[in-house]
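Everything below concerns the one structure shown next.
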Amino acid sequence: MAVLEVDDVRFSYRRGGEDLFDGLTHSFTAGAVTALTGPSGRGKSTLLYLLGLLLKPSSGTITIDGVSAADLPDSARSALRAVRFGFVFQDAALDPHRRILDSVTEPARYAGMPEERAQATARNLLRDMGVGHRADHRPGEISGGQAQRVAVCRALVNDPAIVLADEPTGNLDRDNASGVLDALVSAAAGGRRTVVIATHDPFVLDRVDEVVQL
Amino acid sequence: MTISALIKETAGSLRGQKVAVAMIGLLVAAMCATVVISAGRAEAAQRQVAARVEAAGSRQLIITDQTGGPLVSAAAVAVLGSAQGVEAAAGIGTARDVTNGEVGSGGTLVTAWPILGDLAKVGRLTGGRWPRPGEALASEGGLRALGLDVPVGWVIDKSGSQHPVVGSYVPRPGFEDLDGILITDTTDTTPTLRVIVTNAAAAAGVQSLAISVLDPANPAQLRITSPTALAELEQLVSGDLGSYARTLTVITLGSATLLIAIVVLSQVLLQRRDIGRRRALGAPRWSVIALIIGQAAIPALLGATLGTGTALLVAAPTDATPTITLATAAIILGVLAAVIAAVLPAGIAAWRDPVRVLRTP
């Protein structure tokens, strides 16, 4: 059974506005990296935020672990996001006033993970991602590529079943984009996680397992 | 999310909001200082008014038969002296001039008052002994005027009545004007009753009791001097002062709350991406609300403590030092105002669509 499925999903930002996705149905394969792609305005990021339960579909269902999740109350959707999801934003969106380590442990605090365990996990992730030596630095003291790798670490700190990435390589050069993509691909490896990336970058599309064309 | 994690998160988030923290802190400090100083000043003024009204001289109830006829009996003085709300009661006869009996009519005239009732309530014995009926006490000034070094001798009035001086006294509070000679009354009746009430508020009740006990033949001839009006004036002045302080406090609180709300709302707008990120990463709405309220409450607590402390220091050399209760109330009000001011912006932050702010155009 797939961890994440959408069935006949439609979405419109305004009542009577443009209908996106036209009843999209898709089952996201665990262990695979899936790209959501298409021309600008077709709703790549919107679908990603629907999958992440930050938006509610106009119609259709989004199923997480076999449970229809889109209509759950906000508190339950927040709890699901904290525990089952990892997010990577287009810009790293790190707290500029905090240490890198504290940014990485942020989702762990929402999930109620003990601070010491969260910090140990975060340090391991940062080390594996090649930015372990930056753990006590501030975001302003690291490069954009390093910041995005930190954002991947943050997405993985709760060991989520689903990782959603919105144009994660959009602001990066090829070398850094490759590093971030490697990290996301390895996160999905072994059937452990479902990774969904919203992108129009051909470099990313060449590396993913599945492509959903919007 | 645990409460301790939330507190840590709130404290940590303040590092990025130094300007807002300073503004909220200063606003609350100014608010608390204004409240403490103005309310403290009003409170001190109320205390001063009350103290002046409650001085013994202001607690005199005097009832006089204007015809000089008999009004007060020893029995009436005894009843009123033991009544509730009465500190002292005495019947006072018509004043007369006396001279030293040894000197005769050429001697210095000294005023003497026949007193009906317990003399110990009217004066404090400083020498000699308490007089028997018809005997007299002389004050220090009276002794000097009579040319007596010690309270031993006699006085005589124009009618030829003689009264041995057997002791000296100092008038008690409320009877300071009876500084001369006190003669123990022998007629068992005087035209004037003087009562010192325990407080001005008790005057009205004691006055009614006194009139009922005296049972005057012609009430229209009575002249009554009562602190009742003074008590009413005190209540009026205290009410006005309290009302002024409350109005100023409400205006100060309201203005500061509005300004804090504007600062917090601005901060929420500046933090849109930060709040959107938190929501996307799993922060529940209640934690966002608690975060925003905490971001206002922590600097407010510091500002309230600073403002109240400064106000206490400023007021310390004056007679308007606020009470600890007022200072504590000001700190609580300061923090409460900041919390109330932050509620609406916190709600806006918690219900704002995180997607709109997370998407980079």
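Convention: chains lettered A, B, ... in structure tokens order; per-chain residue numbering from 1; ligands numbered from 1 as shown.
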Find the residues in chain A near chain B: any atom within 9 Å counts, using only C-alpha atoms. Write them as a PyMOL selection string. chain A and resi 45-46+49+52-55+74-83+85-87+89-91+93-98+106-113+115+155+166
Can you list, as a VMD selection string, every protein, DNA or RNA residue that comes within 10 Å of Leu178 (chain B) when you count only C-alpha atoms, leaving out same-chain residues fewer than 6 positions away? chain B and resid 92 95 111 to 113 122 to 123 139 170 to 172
Picked from region 166-314 of chain B by DSSP as strand (DSSP E or B), as a PyMOL selection string: chain B and resi 166-171+181-184+189-190+192-197+222-225
Excluding Val204 (chain A) and any residue of its chain fewer than 5 positions from it, enumerate the residues within 10 Å of it, using only C-alpha atoms, and give them as a short mmCIF file (atom, residue, chain, number, x, y, z; two decimals) with N, CA and C atoms, in the first residue's frame.
```cif
data_model
loop_
_atom_site.label_atom_id
_atom_site.label_comp_id
_atom_site.auth_asym_id
_atom_site.auth_seq_id
_atom_site.Cartn_x
_atom_site.Cartn_y
_atom_site.Cartn_z
N ALA A 35 8.78 13.44 -9.48
CA ALA A 35 8.81 14.86 -9.82
C ALA A 35 7.43 15.30 -10.29
N GLU A 167 10.88 23.08 -5.63
CA GLU A 167 11.98 23.67 -6.40
C GLU A 167 13.25 23.73 -5.56
N PRO A 168 13.71 22.62 -5.02
CA PRO A 168 14.83 22.66 -4.07
C PRO A 168 16.15 23.09 -4.71
N THR A 169 16.23 22.98 -6.04
CA THR A 169 17.49 23.33 -6.69
C THR A 169 17.36 24.63 -7.48
N ALA A 177 23.23 21.92 -6.72
CA ALA A 177 21.97 21.25 -7.03
C ALA A 177 22.17 19.73 -7.00
N SER A 178 23.28 19.29 -7.54
CA SER A 178 23.58 17.86 -7.56
C SER A 178 23.69 17.30 -6.13
N LEU A 181 20.23 17.10 -4.62
CA LEU A 181 19.47 16.02 -5.26
C LEU A 181 19.95 14.66 -4.78
N ILE A 197 9.10 15.94 -5.55
CA ILE A 197 9.78 17.21 -5.84
C ILE A 197 8.97 17.98 -6.89
N ALA A 198 8.63 19.22 -6.58
CA ALA A 198 8.02 20.09 -7.59
C ALA A 198 9.16 20.79 -8.32
N THR A 199 9.25 20.60 -9.63
CA THR A 199 10.39 21.17 -10.36
C THR A 199 10.09 21.31 -11.84
#
```
Let me make sure I understand: among B:Gly25, B:Gly81, B:Gly142, B:Gly91, which one has the smallest atom-to-atom distance to Leu109 (chain B) if we use only C-alpha atoms?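 The shortest atom-to-atom distance to Leu109 (chain B) comes from B:Gly142.
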Taking into account only C-alpha atoms, which residue in the set B:Pro70, B:Gly307, B:Pro151, B:Gly347 is nearest to Gly128 (chain B)? B:Pro151
Residues near Gly117 (chain B), cut-off 7 Å, only C-alpha atoms, skip fewer than 3 positions along chain, as a list of chain:residue names: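 Listing them by chain and then by number gives B:Ala74, B:Val77, B:Ala78, B:Ala90, B:Gly91.
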Using only C-alpha atoms, which of the listed residues (A:Ala151, A:Ala188, A:Leu47, A:Leu72) sits closest to Val9 (chain A)?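 The answer is A:Leu47, which sits nearest to Val9 (chain A).
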Using only C-alpha atoms, which protein or nucleic acid residues come within 10 Å of Gly144 (chain A)? Drop anything in the same chain fewer than 3 positions from it, and give the result as a PyMOL selection string. chain A and resi 91-92+139-141+147-150+171-173+176
Looking only at the backbone, which of the residues in region 30-161 of chain B does DSSP tag as helix (DSSP H, G or I), as a PDB file with C-alpha atoms, in the first residue's frame?
```
ATOM      1  CA  ALA B  30       6.126  54.298  30.297  1.00  0.00           C
ATOM      2  CA  MET B  31       2.601  53.034  30.891  1.00  0.00           C
ATOM      3  CA  CYS B  32       3.462  51.480  34.267  1.00  0.00           C
ATOM      4  CA  ALA B  33       5.448  54.537  35.372  1.00  0.00           C
ATOM      5  CA  THR B  34       2.530  56.833  34.486  1.00  0.00           C
ATOM      6  CA  VAL B  35       0.009  54.624  36.262  1.00  0.00           C
ATOM      7  CA  VAL B  36       2.162  54.220  39.367  1.00  0.00           C
ATOM      8  CA  ILE B  37       3.057  57.909  39.647  1.00  0.00           C
ATOM      9  CA  SER B  38      -0.448  59.274  38.952  1.00  0.00           C
ATOM     10  CA  ALA B  39      -2.290  56.680  40.991  1.00  0.00           C
ATOM     11  CA  GLY B  40       0.319  56.972  43.743  1.00  0.00           C
ATOM     12  CA  ARG B  41      -0.110  60.741  43.792  1.00  0.00           C
ATOM     13  CA  ALA B  42      -3.898  60.397  43.985  1.00  0.00           C
ATOM     14  CA  GLU B  43      -3.603  57.742  46.679  1.00  0.00           C
ATOM     15  CA  ALA B  44      -1.284  59.971  48.731  1.00  0.00           C
ATOM     16  CA  ALA B  45      -3.661  62.929  48.329  1.00  0.00           C
ATOM     17  CA  GLN B  46      -6.537  60.733  49.517  1.00  0.00           C
ATOM     18  CA  ARG B  47      -4.481  59.679  52.534  1.00  0.00           C
ATOM     19  CA  GLN B  48      -3.674  63.335  53.349  1.00  0.00           C
ATOM     20  CA  VAL B  49      -7.307  64.425  53.071  1.00  0.00           C
ATOM     21  CA  ALA B  50      -8.406  61.516  55.253  1.00  0.00           C
ATOM     22  CA  ALA B  51      -5.690  62.254  57.837  1.00  0.00           C
ATOM     23  CA  ARG B  52      -6.730  65.894  58.048  1.00  0.00           C
ATOM     24  CA  VAL B  53     -10.395  65.025  58.357  1.00  0.00           C
ATOM     25  CA  GLU B  54      -9.626  62.396  60.979  1.00  0.00           C
ATOM     26  CA  ALA B  56      -9.282  65.116  66.576  1.00  0.00           C
ATOM     27  CA  GLY B  57     -10.068  68.792  65.984  1.00  0.00           C
ATOM     28  CA  SER B  58     -12.054  67.799  62.920  1.00  0.00           C
ATOM     29  CA  ARG B  59     -13.990  65.164  64.810  1.00  0.00           C
ATOM     30  CA  ALA B  74     -24.355  64.488  83.899  1.00  0.00           C
ATOM     31  CA  ALA B  75     -26.479  61.466  83.015  1.00  0.00           C
ATOM     32  CA  ALA B  76     -26.543  62.508  79.334  1.00  0.00           C
ATOM     33  CA  VAL B  77     -22.749  62.933  79.329  1.00  0.00           C
ATOM     34  CA  ALA B  78     -22.353  59.484  80.900  1.00  0.00           C
ATOM     35  CA  VAL B  79     -24.619  57.864  78.300  1.00  0.00           C
ATOM     36  CA  LEU B  80     -22.931  59.587  75.370  1.00  0.00           C
ATOM     37  CA  GLY B  81     -19.434  58.987  76.764  1.00  0.00           C
ATOM     38  CA  GLY B 104      -8.038  89.975  93.865  1.00  0.00           C
ATOM     39  CA  SER B 105      -9.769  92.032  91.191  1.00  0.00           C
ATOM     40  CA  GLY B 106      -6.531  93.613  89.946  1.00  0.00           C
ATOM     41  CA  LEU B 119     -12.278  65.599  83.481  1.00  0.00           C
ATOM     42  CA  ALA B 120      -9.733  62.969  82.501  1.00  0.00           C
ATOM     43  CA  LYS B 121     -11.365  62.936  79.058  1.00  0.00           C
ATOM     44  CA  GLU B 140       0.465  75.671  82.348  1.00  0.00           C
ATOM     45  CA  GLY B 141      -0.566  78.945  80.669  1.00  0.00           C
ATOM     46  CA  GLY B 142      -3.262  79.447  83.277  1.00  0.00           C
ATOM     47  CA  LEU B 143      -0.787  78.974  86.123  1.00  0.00           C
ATOM     48  CA  ARG B 144       1.569  81.528  84.570  1.00  0.00           C
ATOM     49  CA  ALA B 145      -1.243  84.071  84.115  1.00  0.00           C
ATOM     50  CA  LEU B 146      -2.340  83.573  87.727  1.00  0.00           C
TER      51      LEU B 146
END
```
Coordinates-based distance that separates CA of Phe28 (chain A) from CA of Met129 (chain A) (Å, one decimal): 25.4 Å
Mind checking which residues fall within 9 Å of Lys158 (chain B), counting only C-alpha atoms, ignoring those fewer than 5 positions away in the same chain, and posting them as a list in words?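 With the cut-off at 9 Å, the set is Arg96, Asp97, Val98, Thr99 and Ser105 of chain B.
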Selection file, N, CA and C atoms, as a PDB file, in the first residue's frame:
```pdb
ATOM      1  N   ARG B  96     -16.186  81.934  81.891  1.00  0.00           N
ATOM      2  CA  ARG B  96     -16.170  83.136  82.744  1.00  0.00           C
ATOM      3  C   ARG B  96     -14.726  83.502  83.047  1.00  0.00           C
ATOM      4  N   ASP B  97     -14.500  84.768  83.457  1.00  0.00           N
ATOM      5  CA  ASP B  97     -13.146  85.207  83.785  1.00  0.00           C
ATOM      6  C   ASP B  97     -12.902  85.055  85.286  1.00  0.00           C
ATOM      7  N   VAL B  98     -11.716  84.563  85.623  1.00  0.00           N
ATOM      8  CA  VAL B  98     -11.332  84.435  87.032  1.00  0.00           C
ATOM      9  C   VAL B  98      -9.959  85.081  87.223  1.00  0.00           C
ATOM     10  N   THR B  99      -9.663  85.392  88.455  1.00  0.00           N
ATOM     11  CA  THR B  99      -8.311  85.919  88.779  1.00  0.00           C
ATOM     12  C   THR B  99      -7.782  85.142  89.969  1.00  0.00           C
ATOM     13  N   SER B 105      -9.227  91.553  92.461  1.00  0.00           N
ATOM     14  CA  SER B 105      -9.769  92.032  91.191  1.00  0.00           C
ATOM     15  C   SER B 105      -8.721  92.647  90.275  1.00  0.00           C
TER      16      SER B 105
END
```
Between CA of Glu5 (chain A) and CA of Thr61 (chain A), what is the distance in Å, rounded to a tenth? 8.2 Å
Please report the interatomic distance between CA of Tyr244 (chain B) and CA of Thr198 (chain B) in Å with one decimal.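 We find that CA of Tyr244 (chain B) and CA of Thr198 (chain B) lie 29.0 Å from each other.
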With only C-alpha atoms as the atoms that count, which of B:Asn100, B:Gly160, B:Pro345, B:Leu258 lies nearest to Leu270 (chain B)?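 Checking each of B:Asn100, B:Gly160, B:Pro345, B:Leu258 against Leu270 (chain B), counting only C-alpha atoms, the winner is B:Pro345.
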Tell me which protein, DNA and RNA residues are within 10 Å of Leu51 (chain A), counting only C-alpha atoms, leaving out same-chain ones fewer than 5 positions away, and put them as a PyMOL selection string. chain A and resi 4-6+45-46+56-57+62-64+69-70+85+162+164+196
